[in-house]
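> Quick one: the structure is below, questions incoming.
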Amino acid sequence: MKGTYLGEFEEVVLLAVAIRSGDAYGATVVTEIEQQMNRSVNLGAVHSALNRLGEKGLVTSELGGMTAERGGRSKRLYSVTAAGRRALQEIRQVRNQMWESIPTTVWT
């Protein structure tokens, strides 16, 4: 993950986009995070994180079809890029390595 720092919230948003594969837009990302983490999330904060992730090349977006429930407006659908998948894998590897490095005496 050299050169691309992800804050905790960006990581969580990226994970939620990966989980909601094919159906990741602002509201579904909020719902996913709230359900997975039992934590309240602001839609504006999610949109800001999605924009930052897009600037870093970790997600892409496209406009979905228009829906009557949204007054004819389109949803912006997000998906994780290859670089985003690599970043998630690297984050997971580093976290696992750190967890495994904790001496067992800490837990006794």
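Convention: chains lettered A, B, ... in structure tokens order; per-chain residue numbering from 1; ligands numbered from 1 as shown.
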Extract, using only C-alpha atoms, all DNA, RNA and protein residues at most 10 Å from A:Val12, discarding same-chain residues fewer than 6 positions from it, and format them as a PyMOL selection string.
chain A and resi 6+18+29+32-33+36-37+46+49+88
> Can you pull out every residue from stretch 40-107 of chain A that DSSP, working from the backbone, puts in strand (DSSP E or B), and format the result as a list of chain:residue names?
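DSSP-assigned strand (DSSP E or B) residues in stretch 40-107 of chain A: A:Val59, A:Thr60, A:Ser61, A:Glu62, A:Leu63, A:Gly64, A:Gly65, A:Met66, A:Ser74, A:Lys75, A:Arg76, A:Leu77, A:Tyr78, A:Ser79, A:Val80.
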> Would you put the residues from that selection into a file with all heavy atoms, as an mmCIF file, in the first residue's frame?

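Writing the result to selection-v2.cif gives the following:
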```
data_model
loop_
_atom_site.group_PDB
_atom_site.id
_atom_site.type_symbol
_atom_site.label_atom_id
_atom_site.label_comp_id
_atom_site.auth_asym_id
_atom_site.auth_seq_id
_atom_site.Cartn_x
_atom_site.Cartn_y
_atom_site.Cartn_z
ATOM 1 N N VAL A 59 -11.795 3.274 -6.323
ATOM 2 C CA VAL A 59 -13.156 2.979 -6.774
ATOM 3 C C VAL A 59 -13.418 3.721 -8.067
ATOM 4 O O VAL A 59 -12.777 4.740 -8.360
ATOM 5 C CB VAL A 59 -14.254 3.364 -5.739
ATOM 6 C CG1 VAL A 59 -14.112 2.595 -4.441
ATOM 7 C CG2 VAL A 59 -14.299 4.858 -5.490
ATOM 8 N N THR A 60 -14.350 3.215 -8.837
ATOM 9 C CA THR A 60 -14.865 3.928 -10.003
ATOM 10 C C THR A 60 -16.367 4.061 -9.803
ATOM 11 O O THR A 60 -16.962 3.367 -8.973
ATOM 12 C CB THR A 60 -14.596 3.171 -11.321
ATOM 13 O OG1 THR A 60 -15.168 1.872 -11.232
ATOM 14 C CG2 THR A 60 -13.113 3.071 -11.606
ATOM 15 N N SER A 61 -16.969 4.945 -10.580
ATOM 16 C CA SER A 61 -18.413 5.109 -10.471
ATOM 17 C C SER A 61 -19.017 5.310 -11.849
ATOM 18 O O SER A 61 -18.333 5.726 -12.785
ATOM 19 C CB SER A 61 -18.758 6.288 -9.571
ATOM 20 O OG SER A 61 -18.393 7.510 -10.185
ATOM 21 N N GLU A 62 -20.294 4.979 -11.917
ATOM 22 C CA GLU A 62 -21.058 5.219 -13.139
ATOM 23 C C GLU A 62 -22.495 5.491 -12.733
ATOM 24 O O GLU A 62 -22.926 5.094 -11.635
ATOM 25 C CB GLU A 62 -20.984 4.023 -14.084
ATOM 26 C CG GLU A 62 -21.552 2.753 -13.515
ATOM 27 C CD GLU A 62 -21.382 1.566 -14.456
ATOM 28 O OE1 GLU A 62 -20.357 1.484 -15.146
ATOM 29 O OE2 GLU A 62 -22.292 0.722 -14.480
ATOM 30 N N LEU A 63 -23.215 6.170 -13.600
ATOM 31 C CA LEU A 63 -24.614 6.451 -13.306
ATOM 32 C C LEU A 63 -25.465 5.248 -13.663
ATOM 33 O O LEU A 63 -25.334 4.678 -14.746
ATOM 34 C CB LEU A 63 -25.098 7.680 -14.083
ATOM 35 C CG LEU A 63 -24.534 9.017 -13.614
ATOM 36 C CD1 LEU A 63 -25.052 10.151 -14.494
ATOM 37 C CD2 LEU A 63 -24.886 9.284 -12.159
ATOM 38 N N GLY A 64 -26.320 4.853 -12.733
ATOM 39 C CA GLY A 64 -27.264 3.770 -12.976
ATOM 40 C C GLY A 64 -28.500 4.334 -13.663
ATOM 41 O O GLY A 64 -28.561 5.512 -14.015
ATOM 42 N N GLY A 65 -29.500 3.500 -13.819
ATOM 43 C CA GLY A 65 -30.739 3.933 -14.453
ATOM 44 C C GLY A 65 -31.532 4.879 -13.567
ATOM 45 O O GLY A 65 -31.380 4.914 -12.359
ATOM 46 N N MET A 66 -32.388 5.668 -14.200
ATOM 47 C CA MET A 66 -33.254 6.578 -13.467
ATOM 48 C C MET A 66 -34.378 5.784 -12.800
ATOM 49 O O MET A 66 -34.846 4.784 -13.337
ATOM 50 C CB MET A 66 -33.853 7.614 -14.417
ATOM 51 C CG MET A 66 -32.831 8.572 -14.992
ATOM 52 S SD MET A 66 -33.576 9.836 -16.009
ATOM 53 C CE MET A 66 -33.618 8.987 -17.580
ATOM 54 N N SER A 74 -30.786 9.538 -11.422
ATOM 55 C CA SER A 74 -29.980 8.316 -11.473
ATOM 56 C C SER A 74 -29.175 8.158 -10.191
ATOM 57 O O SER A 74 -28.814 9.142 -9.549
ATOM 58 C CB SER A 74 -29.001 8.368 -12.644
ATOM 59 O OG SER A 74 -29.705 8.467 -13.851
ATOM 60 N N LYS A 75 -28.885 6.920 -9.852
ATOM 61 C CA LYS A 75 -27.986 6.621 -8.737
ATOM 62 C C LYS A 75 -26.567 6.538 -9.273
ATOM 63 O O LYS A 75 -26.338 6.071 -10.375
ATOM 64 C CB LYS A 75 -28.328 5.256 -8.127
ATOM 65 C CG LYS A 75 -29.672 5.162 -7.497
ATOM 66 C CD LYS A 75 -29.914 3.745 -7.011
ATOM 67 C CE LYS A 75 -31.316 3.597 -6.489
ATOM 68 N NZ LYS A 75 -31.609 2.212 -6.110
ATOM 69 N N ARG A 76 -25.601 7.014 -8.474
ATOM 70 C CA ARG A 76 -24.195 6.840 -8.825
ATOM 71 C C ARG A 76 -23.739 5.553 -8.164
ATOM 72 O O ARG A 76 -23.699 5.453 -6.946
ATOM 73 C CB ARG A 76 -23.350 8.025 -8.365
ATOM 74 C CG ARG A 76 -21.883 7.857 -8.737
ATOM 75 C CD ARG A 76 -21.127 9.158 -8.758
ATOM 76 N NE ARG A 76 -21.575 10.066 -9.785
ATOM 77 C CZ ARG A 76 -21.246 10.008 -11.078
ATOM 78 N NH1 ARG A 76 -20.468 9.025 -11.501
ATOM 79 N NH2 ARG A 76 -21.692 10.891 -11.926
ATOM 80 N N LEU A 77 -23.424 4.558 -8.989
ATOM 81 C CA LEU A 77 -23.013 3.241 -8.499
ATOM 82 C C LEU A 77 -21.491 3.153 -8.460
ATOM 83 O O LEU A 77 -20.810 3.543 -9.415
ATOM 84 C CB LEU A 77 -23.573 2.152 -9.406
ATOM 85 C CG LEU A 77 -25.100 2.097 -9.491
ATOM 86 C CD1 LEU A 77 -25.541 1.157 -10.599
ATOM 87 C CD2 LEU A 77 -25.695 1.680 -8.164
ATOM 88 N N TYR A 78 -20.969 2.621 -7.368
ATOM 89 C CA TYR A 78 -19.520 2.520 -7.162
ATOM 90 C C TYR A 78 -19.076 1.066 -7.213
ATOM 91 O O TYR A 78 -19.812 0.171 -6.812
ATOM 92 C CB TYR A 78 -19.133 3.119 -5.805
ATOM 93 C CG TYR A 78 -19.332 4.603 -5.767
ATOM 94 C CD1 TYR A 78 -20.574 5.142 -5.430
ATOM 95 C CD2 TYR A 78 -18.311 5.470 -6.098
ATOM 96 C CE1 TYR A 78 -20.773 6.515 -5.411
ATOM 97 C CE2 TYR A 78 -18.501 6.842 -6.089
ATOM 98 C CZ TYR A 78 -19.736 7.361 -5.740
ATOM 99 O OH TYR A 78 -19.929 8.709 -5.739
ATOM 100 N N SER A 79 -17.861 0.866 -7.702
ATOM 101 C CA SER A 79 -17.258 -0.465 -7.667
ATOM 102 C C SER A 79 -15.770 -0.325 -7.354
ATOM 103 O O SER A 79 -15.143 0.702 -7.636
ATOM 104 C CB SER A 79 -17.475 -1.215 -8.982
ATOM 105 O OG SER A 79 -17.112 -0.433 -10.074
ATOM 106 N N VAL A 80 -15.243 -1.366 -6.756
ATOM 107 C CA VAL A 80 -13.835 -1.384 -6.347
ATOM 108 C C VAL A 80 -12.980 -1.718 -7.565
ATOM 109 O O VAL A 80 -13.276 -2.639 -8.318
ATOM 110 C CB VAL A 80 -13.613 -2.424 -5.230
ATOM 111 C CG1 VAL A 80 -12.152 -2.475 -4.811
ATOM 112 C CG2 VAL A 80 -14.501 -2.120 -4.026
#
```
> If I take atom CA of A:Leu43 and atom CA of A:Ile91, how far is one from the other in Å, to one decimal?
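Pair atom CA of A:Leu43 / atom CA of A:Ile91 returns 24.3 Å.
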> According to DSSP computed on the backbone, where in chain A is there helix (DSSP H, G or I)? Give the residues as a PyMOL selection string.
chain A and resi 8-19+26-37+43-55+68-70+82-100+104-107
> Identify which of the residues A:Thr105, A:Thr67, A:Leu58, A:Trp99 lies closest to A:Leu15, counting only C-alpha atoms when measuring atom-to-atom distances.
A:Leu58
> Tell me, in Å to one decimal, how far atom CA of A:Val94 is from atom CA of A:Leu50.
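The value is 22.8 Å.
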> Work out how far apart atom CA of A:Arg85 and atom CA of A:Leu14 are and give it in Å to one decimal.
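Going from atom CA of A:Arg85 over to atom CA of A:Leu14, I get 9.0 Å.
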> Would you mind telling me which residue in A:Val30, A:Trp107, A:Tyr5, A:Gln89 lies nearest to A:His47 when using only C-alpha atoms?
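With only C-alpha atoms as the atom set, the closest residue is A:Val30.
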